[in-house]
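Content type CSV, C-alpha atoms, from the file start23.csv:
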```csv
chain,number,residue,atom,x,y,z
A,173,MET,CA,187.2,160.5,149.7
A,174,LEU,CA,189.3,163.5,150.5
A,175,ARG,CA,190.2,165.9,147.7
A,176,THR,CA,193.7,167.3,147.9
A,177,ASP,CA,193.1,170.1,145.4
A,178,ARG,CA,190.9,171.9,147.9
A,179,LEU,CA,193.0,171.3,151.0
A,180,SER,CA,195.3,174.2,151.9
A,181,VAL,CA,198.2,173.1,154.0
A,182,PRO,CA,199.9,175.9,155.8
A,183,THR,CA,203.6,176.2,155.5
A,184,ILE,CA,205.8,176.5,158.6
A,185,GLY,CA,208.1,179.5,158.5
A,186,ASN,CA,209.7,180.7,155.3
A,187,SER,CA,210.6,177.4,153.7
A,188,ILE,CA,213.1,177.6,150.8
A,189,HIS,CA,212.4,173.9,149.8
A,190,PRO,CA,209.0,173.8,147.9
A,191,VAL,CA,209.5,170.1,147.0
A,192,THR,CA,210.0,169.1,150.6
A,193,ASP,CA,206.9,171.2,151.6
A,194,TRP,CA,204.8,169.5,149.0
A,195,LEU,CA,205.9,165.9,150.2
A,196,ASP,CA,205.1,166.8,153.8
A,197,SER,CA,201.6,168.0,152.7
A,198,TYR,CA,201.1,164.7,150.7
A,199,HIS,CA,202.0,162.5,153.7
A,200,PHE,CA,199.7,164.6,156.0
A,201,VAL,CA,196.7,164.2,153.7
A,202,HIS,CA,197.2,160.4,153.3
A,203,GLY,CA,197.5,160.1,157.1
A,204,LEU,CA,194.1,161.8,157.5
A,205,ALA,CA,192.6,159.5,154.9
A,206,ALA,CA,193.9,156.4,156.6
A,207,THR,CA,192.6,157.6,160.0
A,208,ALA,CA,189.2,158.2,158.4
A,209,ALA,CA,189.1,154.7,156.9
A,210,VAL,CA,189.9,153.1,160.2
A,211,ALA,CA,187.2,155.1,162.0
A,212,ALA,CA,184.7,154.1,159.3
A,213,THR,CA,185.6,150.5,159.7
A,214,ALA,CA,185.2,150.7,163.5
A,215,VAL,CA,181.7,152.3,163.1
A,216,ASP,CA,180.7,149.6,160.7
A,217,ALA,CA,181.9,146.9,163.1
A,218,THR,CA,179.9,148.3,166.1
A,219,THR,CA,176.7,149.0,164.1
A,220,PRO,CA,174.0,146.4,164.9
A,221,GLU,CA,172.7,144.2,162.1
A,222,SER,CA,170.0,146.1,160.2
A,223,ARG,CA,166.6,144.6,159.4
A,224,PRO,CA,166.3,142.5,156.2
A,225,ALA,CA,166.0,144.6,153.0
A,226,PRO,CA,162.6,144.7,151.4
A,227,ARG,CA,161.8,142.9,148.1
A,228,ILE,CA,161.9,145.1,145.1
A,229,GLU,CA,160.6,144.1,141.6
A,230,GLU,CA,161.1,146.6,138.7
A,231,MET,CA,159.2,146.3,135.3
A,232,THR,CA,159.1,148.6,132.3
A,233,SER,CA,156.8,148.8,129.3
A,234,GLY,CA,157.8,151.6,126.9
A,235,ALA,CA,157.9,154.9,128.8
A,236,VAL,CA,156.0,153.4,131.7
A,237,GLU,CA,158.0,152.1,134.7
A,238,LEU,CA,156.5,150.0,137.5
A,239,ILE,CA,158.2,149.3,140.9
A,240,ILE,CA,156.7,146.8,143.4
A,241,THR,CA,158.2,146.9,146.9
A,242,ALA,CA,157.2,144.4,149.7
A,243,ASP,CA,158.4,144.9,153.2
A,244,PRO,CA,159.3,142.5,154.8
A,245,ALA,CA,160.4,140.4,151.9
A,246,MET,CA,159.1,137.1,153.4
A,247,VAL,CA,155.9,136.2,155.1
A,248,HIS,CA,155.8,136.4,158.9
A,249,LEU,CA,152.5,135.1,160.4
A,250,ASP,CA,152.9,137.6,163.2
A,251,ARG,CA,153.1,140.8,161.1
A,252,ASP,CA,151.6,142.4,158.0
A,253,ILE,CA,153.3,143.0,154.7
A,254,LEU,CA,153.4,146.6,153.4
A,255,LEU,CA,153.1,146.4,149.6
A,256,SER,CA,153.8,149.5,147.5
A,257,ILE,CA,153.2,149.6,143.7
A,258,LYS,CA,154.8,152.8,142.2
A,259,THR,CA,154.1,153.9,138.6
A,260,ILE,CA,156.3,156.4,136.8
A,261,ALA,CA,155.1,157.6,133.4
A,262,PRO,CA,155.2,160.7,131.2
A,263,SER,CA,152.6,163.4,132.2
A,264,ASN,CA,150.4,162.6,129.1
A,265,ILE,CA,150.0,158.9,130.0
A,266,THR,CA,147.5,157.7,132.5
A,267,VAL,CA,148.3,154.4,134.3
A,268,GLN,CA,145.6,152.4,135.9
A,269,LEU,CA,145.9,149.2,138.1
A,270,PRO,CA,143.3,146.5,138.4
A,271,PRO,CA,141.7,145.7,141.8
A,272,LEU,CA,144.0,143.8,144.0
A,273,ASP,CA,141.5,141.8,146.0
A,274,ASN,CA,141.1,138.9,143.5
A,275,ARG,CA,144.9,138.8,142.8
A,276,LEU,CA,145.9,137.7,146.4
A,277,ALA,CA,146.5,134.1,147.6
A,278,GLY,CA,147.2,133.6,151.3
A,279,PHE,CA,146.6,137.2,152.2
A,280,THR,CA,143.7,139.4,153.1
A,281,LEU,CA,143.6,143.1,152.2
A,282,SER,CA,143.5,145.1,155.5
A,283,GLY,CA,143.9,148.6,154.1
A,284,ALA,CA,144.9,150.7,151.1
A,285,PHE,CA,145.7,154.3,150.1
A,286,ASP,CA,147.2,156.2,147.2
A,287,ARG,CA,149.6,159.1,147.2
A,288,ASP,CA,151.2,161.3,144.5
A,289,LEU,CA,155.0,161.7,144.5
A,290,PRO,CA,156.9,164.8,143.3
A,291,THR,CA,157.2,165.1,139.5
A,292,LYS,CA,160.7,164.9,137.9
A,293,ASN,CA,161.8,165.5,134.4
A,294,GLY,CA,158.3,165.7,133.0
A,295,THR,CA,157.1,162.5,134.5
A,296,ILE,CA,154.4,161.8,137.1
A,297,ALA,CA,154.7,159.2,139.8
A,298,HIS,CA,151.9,157.6,141.7
A,299,GLU,CA,152.2,155.2,144.6
A,300,HIS,CA,149.6,152.7,145.6
A,301,CYS,CA,150.1,151.3,149.1
A,302,PHE,CA,148.4,148.2,150.5
A,303,ARG,CA,148.5,146.4,153.8
A,304,LEU,CA,148.4,142.6,153.4
A,305,THR,CA,147.6,140.4,156.4
A,306,PRO,CA,148.9,136.8,156.0
A,307,LEU,CA,146.6,133.9,156.6
A,308,VAL,CA,147.5,130.2,157.4
A,309,ALA,CA,147.8,129.0,153.8
A,310,ALA,CA,149.9,126.6,151.6
A,311,GLU,CA,151.0,129.4,149.2
A,312,TYR,CA,151.4,133.2,149.4
A,313,ARG,CA,151.2,134.8,146.0
A,314,LEU,CA,150.4,138.0,144.1
A,315,ALA,CA,149.0,137.0,140.7
A,316,PRO,CA,150.0,138.8,137.5
A,317,MET,CA,148.1,142.1,136.9
A,318,ALA,CA,147.1,143.8,133.6
A,319,VAL,CA,148.3,147.4,133.9
A,320,THR,CA,146.4,149.7,131.5
A,321,CYS,CA,148.0,152.8,129.9
A,322,THR,CA,146.1,155.6,128.1
A,323,ASP,CA,147.6,158.5,126.1
A,324,ALA,CA,145.6,161.5,127.3
A,325,SER,CA,147.2,163.9,124.8
A,326,ARG,CA,145.2,162.3,121.9
A,327,SER,CA,141.5,162.0,121.6
A,328,ASN,CA,140.2,158.5,121.2
A,329,ALA,CA,143.6,157.1,121.7
A,330,PRO,CA,143.5,153.3,122.0
A,331,LYS,CA,144.4,151.8,125.4
A,332,SER,CA,147.5,149.6,125.8
A,333,TRP,CA,148.4,147.3,128.6
A,334,PHE,CA,151.1,145.1,129.9
A,335,ALA,CA,151.2,142.2,132.4
A,336,THR,CA,153.3,142.1,135.6
A,337,ARG,CA,155.1,139.1,136.8
A,338,ALA,CA,153.7,136.9,139.6
A,339,LEU,CA,155.2,137.4,143.0
A,340,VAL,CA,155.5,134.3,145.2
A,341,PHE,CA,156.5,135.0,148.8
A,342,GLY,CA,158.5,132.6,151.0
A,343,VAL,CA,157.6,131.9,154.6
A,344,ALA,CA,160.1,132.8,157.3
A,345,SER,CA,160.6,130.1,160.0
A,346,ILE,CA,159.7,130.8,163.6
A,347,GLY,CA,162.6,132.3,165.5
A,348,ASN,CA,164.5,133.1,162.3
A,349,GLU,CA,165.3,136.6,163.5
A,350,HIS,CA,167.0,135.2,166.7
A,351,PRO,CA,169.1,132.2,165.6
A,352,GLY,CA,170.1,129.9,168.5
A,353,ALA,CA,167.5,131.2,170.9
A,354,SER,CA,165.6,128.5,172.7
A,355,ILE,CA,161.9,128.6,173.5
A,356,HIS,CA,161.3,128.1,177.2
A,357,ASP,CA,158.9,129.1,180.0
A,358,ILE,CA,159.4,132.5,181.6
A,359,ARG,CA,159.0,130.8,185.0
A,360,GLY,CA,158.6,127.2,186.0
A,361,PRO,CA,155.4,125.8,187.4
A,362,VAL,CA,154.5,127.2,190.9
A,363,TRP,CA,152.7,125.0,193.5
A,364,ILE,CA,149.5,126.6,194.7
A,365,TYR,CA,148.5,125.3,198.1
A,366,PRO,CA,144.8,124.3,198.2
A,367,ALA,CA,142.3,126.2,200.4
A,368,PHE,CA,141.7,125.1,204.0
A,369,LYS,CA,138.1,124.1,203.1
A,370,THR,CA,139.4,121.8,200.4
A,371,VAL,CA,141.9,120.2,202.7
A,372,ALA,CA,139.3,119.8,205.4
A,373,GLY,CA,136.9,118.3,203.0
A,374,TRP,CA,139.4,115.7,201.7
A,375,MET,CA,140.4,114.9,205.3
A,376,ALA,CA,136.8,114.3,206.2
A,377,ILE,CA,136.3,112.1,203.2
A,378,LEU,CA,139.5,110.2,204.1
A,379,ALA,CA,138.3,109.7,207.7
A,380,LEU,CA,134.9,108.5,206.5
A,381,MET,CA,136.6,106.0,204.1
A,382,VAL,CA,138.8,104.7,206.9
A,383,ALA,CA,135.9,104.4,209.3
A,384,GLY,CA,133.8,102.7,206.6
A,385,ALA,CA,136.7,100.2,205.9
A,386,TRP,CA,137.1,99.5,209.6
A,387,ALA,CA,133.4,98.9,210.0
A,388,LEU,CA,133.3,96.6,207.0
A,389,TYR,CA,136.3,94.7,208.4
A,390,ARG,CA,134.6,94.3,211.8
A,391,LEU,CA,131.3,93.3,210.1
A,392,SER,CA,133.1,90.7,207.9
A,393,ARG,CA,134.8,89.3,211.0
A,394,ARG,CA,131.5,88.9,212.8
A,395,ILE,CA,129.8,87.4,209.9
A,396,HIS,CA,132.7,85.0,209.4
A,397,ARG,CA,132.6,84.2,213.1
A,398,ALA,CA,128.9,83.6,213.0
A,399,ILE,CA,129.2,81.2,210.0
A,400,GLN,CA,131.9,79.3,211.8
A,401,LEU,CA,129.8,79.0,215.0
A,402,GLN,CA,126.8,77.9,212.9
A,403,ARG,CA,128.8,75.1,211.4
A,404,MET,CA,130.0,73.8,214.8
A,405,SER,CA,128.2,71.3,216.9
A,406,PRO,CA,126.4,72.6,220.1
A,407,ARG,CA,129.2,71.4,222.3
A,408,GLU,CA,132.0,72.9,220.2
A,409,ARG,CA,130.1,76.2,219.9
A,410,ALA,CA,129.5,76.4,223.6
A,411,LEU,CA,133.1,75.6,224.5
A,412,ASN,CA,134.4,78.2,222.0
A,413,GLN,CA,132.1,80.8,223.5
A,414,LEU,CA,133.4,79.9,227.0
A,415,VAL,CA,137.0,80.6,225.8
A,416,GLU,CA,135.9,84.0,224.3
A,417,LEU,CA,134.2,84.8,227.6
A,418,LEU,CA,137.4,84.1,229.6
A,419,LYS,CA,139.4,86.4,227.2
A,420,GLN,CA,137.1,89.3,228.1
A,421,ASP,CA,138.3,89.0,231.7
A,422,LEU,CA,135.0,90.4,233.0
A,423,VAL,CA,135.7,89.1,236.5
A,424,GLY,CA,139.0,90.9,236.7
A,425,LYS,CA,137.3,94.1,235.6
A,426,GLY,CA,134.7,93.8,238.4
A,427,LYS,CA,131.8,93.1,236.0
A,428,ILE,CA,130.5,90.1,237.9
A,429,LYS,CA,126.9,90.6,236.8
A,430,GLU,CA,127.8,90.8,233.1
A,431,PHE,CA,130.0,87.6,233.5
A,432,TYR,CA,127.0,85.6,234.9
A,433,LEU,CA,124.7,86.9,232.2
A,434,GLU,CA,127.0,85.7,229.5
A,435,LEU,CA,127.7,82.4,231.2
A,436,THR,CA,124.1,81.5,231.7
A,437,MET,CA,123.2,82.5,228.1
A,438,ILE,CA,126.0,80.1,226.8
A,439,VAL,CA,124.5,77.2,228.9
A,440,ARG,CA,120.9,78.0,227.8
A,441,CYS,CA,121.9,78.2,224.1
A,442,TYR,CA,123.7,74.9,224.4
A,443,ILE,CA,120.6,73.2,225.9
A,444,GLU,CA,118.5,74.6,223.1
A,445,GLY,CA,120.8,73.3,220.4
A,446,ALA,CA,121.5,69.9,222.1
A,447,HIS,CA,118.0,69.1,223.5
A,448,SER,CA,115.6,71.3,221.4
A,449,ILE,CA,114.4,73.1,224.5
A,450,ARG,CA,113.8,76.8,224.2
A,451,ALA,CA,115.9,77.5,227.3
A,452,PRO,CA,117.0,81.1,226.4
A,453,GLU,CA,113.4,82.3,226.4
A,454,GLN,CA,112.3,80.5,229.6
A,455,THR,CA,112.6,81.5,233.2
A,456,THR,CA,114.6,79.3,235.6
A,457,GLU,CA,111.4,77.8,237.0
A,458,GLU,CA,110.0,77.1,233.6
A,459,PHE,CA,113.2,75.5,232.4
A,460,LEU,CA,113.5,73.3,235.5
A,461,VAL,CA,110.0,72.0,235.0
A,462,THR,CA,110.7,71.2,231.4
A,463,ALA,CA,114.0,69.5,232.2
A,464,THR,CA,112.5,67.4,235.0
A,465,ASN,CA,109.9,66.0,232.6
A,466,ASN,CA,112.5,65.4,229.9
A,467,PRO,CA,114.0,61.8,230.2
A,468,SER,CA,117.3,63.0,228.7
A,469,PHE,CA,118.0,64.9,231.9
A,470,LYS,CA,119.0,62.8,234.9
A,471,PRO,CA,117.9,64.0,238.4
A,472,GLU,CA,121.5,64.7,239.4
A,473,VAL,CA,122.0,66.8,236.3
A,474,VAL,CA,118.8,68.7,236.9
A,475,ASN,CA,120.0,69.4,240.5
A,476,LYS,CA,123.3,70.8,239.3
A,477,LEU,CA,121.6,73.0,236.7
A,478,LYS,CA,119.2,74.2,239.4
A,479,ILE,CA,122.0,75.3,241.7
A,480,PHE,CA,123.8,76.9,238.8
A,481,LEU,CA,120.8,78.8,237.4
A,482,GLN,CA,119.5,80.0,240.8
A,483,THR,CA,123.0,81.3,241.8
A,484,SER,CA,123.2,83.2,238.5
A,485,ASP,CA,119.8,84.7,239.1
A,486,LEU,CA,120.8,86.0,242.6
A,487,VAL,CA,123.9,87.6,241.1
A,488,LYS,CA,121.9,89.1,238.1
A,489,PHE,CA,119.4,90.7,240.5
A,490,ALA,CA,122.2,92.1,242.7
A,491,VAL,CA,121.1,90.0,245.7
A,492,TYR,CA,124.3,87.9,245.9
A,493,HIS,CA,128.0,88.9,245.5
A,494,PRO,CA,130.0,85.7,245.1
A,495,GLY,CA,133.6,85.3,245.9
A,496,LYS,CA,136.3,84.1,243.5
A,497,GLU,CA,135.9,80.4,244.7
A,498,ILE,CA,132.2,80.5,244.0
A,499,ILE,CA,132.8,82.1,240.5
A,500,ASP,CA,135.4,79.4,239.7
A,501,GLN,CA,133.1,76.7,240.9
A,502,THR,CA,130.2,78.0,238.8
A,503,LEU,CA,132.4,78.2,235.7
A,504,ALA,CA,133.7,74.7,236.3
A,505,THR,CA,130.1,73.4,236.7
A,506,ALA,CA,129.1,75.0,233.4
A,507,GLY,CA,132.1,73.7,231.5
A,508,ASP,CA,131.9,70.2,233.0
A,509,TYR,CA,128.2,70.0,232.0
A,510,ILE,CA,128.8,71.2,228.4
A,511,ASP,CA,131.8,68.9,228.0
A,512,THR,CA,130.2,65.7,229.4
A,513,ASP,CA,126.6,66.1,228.4
A,514,GLU,CA,127.1,65.1,224.8
A,515,GLN,CA,129.1,62.0,225.8
A,516,PHE,CA,126.3,61.1,228.3
A,517,GLN,CA,123.7,61.4,225.6
A,518,GLN,CA,125.7,59.2,223.2
A,519,LYS,CA,126.0,56.5,225.9
A,520,ALA,CA,122.3,56.7,226.7
A,521,LYS,CA,121.5,56.2,223.0
A,522,GLY,CA,123.9,53.2,222.8
A,523,THR,CA,122.2,51.4,225.7
```
How does this structure look as structure tokens?
Amino acid sequence: MLRTDRLSVPTIGNSIHPVTDWLDSYHFVHGLAATAAVAATAVDATTPESRPAPRIEEMTSGAVELIITADPAMVHLDRDILLSIKTIAPSNITVQLPPLDNRLAGFTLSGAFDRDLPTKNGTIAHEHCFRLTPLVAAEYRLAPMAVTCTDASRSNAPKSWFATRALVFGVASIGNEHPGASIHDIRGPVWIYPAFKTVAGWMAILALMVAGAWALYRLSRRIHRAIQLQRMSPRERALNQLVELLKQDLVGKGKIKEFYLELTMIVRCYIEGAHSIRAPEQTTEEFLVTATNNPSFKPEVVNKLKIFLQTSDLVKFAVYHPGKEIIDQTLATAGDYIDTDEQFQQKAKGT
């Protein structure tokens, strides 16, 4: 507020109109006051919002005054509360506070100190400061205290006391200081590439799993094939094996010896299954002796088997290299024998 009684406004020239000069001074002063008010308003508008005011509780008992200040006024779990209890009393009265430890609920006492304040008008002021750390609790409270007052000017003066009010503190919500702010990660998740050893290990495990699956598949196929062959008759089994032999195309690949080995083994296994002769384990001479003495083998059949087996032995021992006609004839002989032998045996049993 501007005081006009102390403001000296200079006059311009030798004015002969004192009333006019006084009005000019009046308008000049009010213009300054309006400018100052606008400036103050602008300063207040740009001033950032100050922190919340602390909680202050005042109590009096006779000549004794007690002021309790809590900063901040509400409980924040991420910060402590500074509690100040100030006593103001005449110089002849001693004021004592009870211990604060057993008066706290939801707090733990982290520190305390006392300090004397300047005296004023014959009174003495003491300030007791405490640092309260909030805990996770259902209630935050400072229970009533019995404040003791003693008149030191009189000997054997009785003590008097008065009780303070209980202080219950509210809990501030998280993010209350920044309304509208959202909680989010500083950065999103970042993909971390695995180490080379880890990738190589997983690739090796995957390769082993694939190889194991392929091996199991092949094994299951072979077992299934073996079961199918076991359920077939000797004739069906031998004819099926001949088809599989032709699919391998050993003759076209130049593997004549391997072709004759497989072909003679198919015929020998058929004879073993159809006539109970252990042909696969016998030499050609031993088999021919056994077949000649077996009435189920006609002489012309034995003669055909003799030519077939002896030719195969020459090829197996790399003594003879047959042409395509001989190979086709040998294959036809084996197929014809397997295909007609079962029918011949059935006719022989019927007669």
Do you have the CA of Ser233 (chain A)-CA of Asn264 (chain A) distance handy?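 Separation of CA of Ser233 (chain A) and CA of Asn264 (chain A): 15.2 Å.
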Need to verify the contact set: Ile265 (chain A), 8 Å, all atoms listed in the file, exclusion of same-chain residues closer than 3 positions in sequence. Can you return it as a ChimeraX atom specification? /A:261-262,321-325
Which residue is closest to Thr456 (chain A)? Choose from A:Asp243, A:Glu311, A:Asp485, A:Asp511 and count only C-alpha atoms.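 Using only C-alpha atoms, the shortest distance to Thr456 (chain A) belongs to A:Asp485.
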Tell me, in Å to one decimal, how far CA of Leu238 (chain A) is from CA of Trp333 (chain A).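 Those two atoms sit 12.3 Å apart.
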Pairwise distance for CA of Leu401 (chain A) and CA of Asn475 (chain A), rounded to one decimal in Å: 29.0 Å
Hey, what's within 10 Å of Phe480 (chain A) if we count only C-alpha atoms and toss same-chain stuff fewer than 5 positions away? As a PyMOL selection string, please? chain A and resi 436+439+474-475+485+501-503+505-506
Top pick for closest residue to Ala245 (chain A), considering A:Phe334, A:Phe302, A:Phe279, A:Phe341 and counting only C-alpha atoms: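 Selected residue with least distance to Ala245 (chain A): A:Phe341.
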Name the closest residue to Ala315 (chain A) among the candidates A:Met437, A:Ala383, A:Leu272, A:Leu411; distances are taken between atoms, counting only C-alpha atoms.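 When distances to Ala315 (chain A) are compared using only C-alpha atoms, the smallest one comes from A:Leu272.
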Please identify all polymer residues within 12 Å of Gly426 (chain A), counting only C-alpha atoms, omitting same-chain residues fewer than 3 positions from it, and present them as a ChimeraX atom specification. /A:420-423,429-432,493-496
Ranking A:Glu229, A:Glu408, A:Glu434, A:Glu416 by minimum distance to Lys488 (chain A) and counting only C-alpha atoms, which one comes first?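 For Lys488 (chain A), the nearest of the given residues is A:Glu434.
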Please list, as JSON, numbers by chain, the residues that have an atom at most 7 Å away from (125.1, 69.9, 225.8) in the coordinates of this file, counting all atoms listed in the file. {"A": [406, 407, 442, 443, 446, 509, 510, 513, 514]}
List every protein, DNA or RNA residue that has an atom no more than 9 Å from (148.2, 146.9, 155.1) in the file's coordinate frame, counting all atoms listed in the file, and report them as a PDB file with C-alpha atoms, in the frame of the given file.
```pdb
ATOM      1  CA  ASP A 252     151.600 142.400 158.000  1.00  0.00           C
ATOM      2  CA  ILE A 253     153.300 143.000 154.700  1.00  0.00           C
ATOM      3  CA  LEU A 254     153.400 146.600 153.400  1.00  0.00           C
ATOM      4  CA  LEU A 255     153.100 146.400 149.600  1.00  0.00           C
ATOM      5  CA  THR A 280     143.700 139.400 153.100  1.00  0.00           C
ATOM      6  CA  LEU A 281     143.600 143.100 152.200  1.00  0.00           C
ATOM      7  CA  SER A 282     143.500 145.100 155.500  1.00  0.00           C
ATOM      8  CA  GLY A 283     143.900 148.600 154.100  1.00  0.00           C
ATOM      9  CA  ALA A 284     144.900 150.700 151.100  1.00  0.00           C
ATOM     10  CA  CYS A 301     150.100 151.300 149.100  1.00  0.00           C
ATOM     11  CA  PHE A 302     148.400 148.200 150.500  1.00  0.00           C
ATOM     12  CA  ARG A 303     148.500 146.400 153.800  1.00  0.00           C
ATOM     13  CA  LEU A 304     148.400 142.600 153.400  1.00  0.00           C
ATOM     14  CA  THR A 305     147.600 140.400 156.400  1.00  0.00           C
TER      15      THR A 305
END
```
Ranking A:Pro224, A:Pro244, A:Gly360, A:Gly373 by minimum distance to Pro306 (chain A) and counting only C-alpha atoms, which one comes first?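 Distance minimum relative to Pro306 (chain A) lands on A:Pro244.
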Extract, using all atoms listed in the file, all DNA, RNA and protein residues at most 10 Å from Glu457 (chain A), discarding same-chain residues fewer than 3 positions from it, and format them as a short mmCIF file (atom, residue, chain, number, x, y, z; two decimals) with C-alpha atoms, in the coordinates of the input.
```cif
data_model
loop_
_atom_site.label_atom_id
_atom_site.label_comp_id
_atom_site.auth_asym_id
_atom_site.auth_seq_id
_atom_site.Cartn_x
_atom_site.Cartn_y
_atom_site.Cartn_z
CA GLN A 454 112.30 80.50 229.60
CA LEU A 460 113.50 73.30 235.50
CA VAL A 461 110.00 72.00 235.00
CA THR A 462 110.70 71.20 231.40
CA ALA A 463 114.00 69.50 232.20
CA LYS A 478 119.20 74.20 239.40
CA LEU A 481 120.80 78.80 237.40
CA GLN A 482 119.50 80.00 240.80
#
```
Between A:Met317, A:Met375, A:Gly424, A:Glu497, which residue has the minimum interatomic distance to Pro270 (chain A), considering all atoms listed in the file?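 The answer is A:Met317, which sits nearest to Pro270 (chain A).
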Please write N, CA and C atoms of region 298-309 of chain A, from the structure given just now, as a compact mmCIF listing (two decimals), in the first residue's frame.
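out25.txt written:
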```txt
# COMPACT_ATOMS: atom_id res chain seq x y z
N HIS A 298 10.86 -23.45 24.31
CA HIS A 298 11.67 -24.65 24.01
C HIS A 298 11.02 -25.39 22.83
N GLU A 299 11.87 -25.91 21.95
CA GLU A 299 11.36 -26.68 20.82
C GLU A 299 11.96 -28.08 20.86
N HIS A 300 11.08 -29.08 20.80
CA HIS A 300 11.49 -30.48 20.78
C HIS A 300 11.19 -31.02 19.38
N CYS A 301 12.24 -31.47 18.66
CA CYS A 301 12.11 -31.91 17.27
C CYS A 301 12.29 -33.43 17.18
N PHE A 302 11.44 -34.06 16.40
CA PHE A 302 11.47 -35.52 16.24
C PHE A 302 11.38 -35.86 14.75
N ARG A 303 12.02 -36.93 14.38
CA ARG A 303 11.96 -37.44 13.00
C ARG A 303 11.20 -38.77 13.03
N LEU A 304 10.02 -38.80 12.40
CA LEU A 304 9.16 -39.98 12.42
C LEU A 304 9.20 -40.66 11.05
N THR A 305 9.55 -41.94 11.05
CA THR A 305 9.58 -42.73 9.81
C THR A 305 8.32 -43.59 9.74
N PRO A 306 7.48 -43.41 8.71
CA PRO A 306 6.23 -44.19 8.65
C PRO A 306 6.49 -45.64 8.29
N LEU A 307 5.70 -46.51 8.87
CA LEU A 307 5.72 -47.93 8.57
C LEU A 307 4.44 -48.28 7.81
N VAL A 308 4.39 -49.50 7.30
CA VAL A 308 3.15 -49.96 6.65
C VAL A 308 2.19 -50.37 7.76
N ALA A 309 1.17 -49.56 7.98
CA ALA A 309 0.25 -49.79 9.10
C ALA A 309 -1.15 -49.36 8.69
```
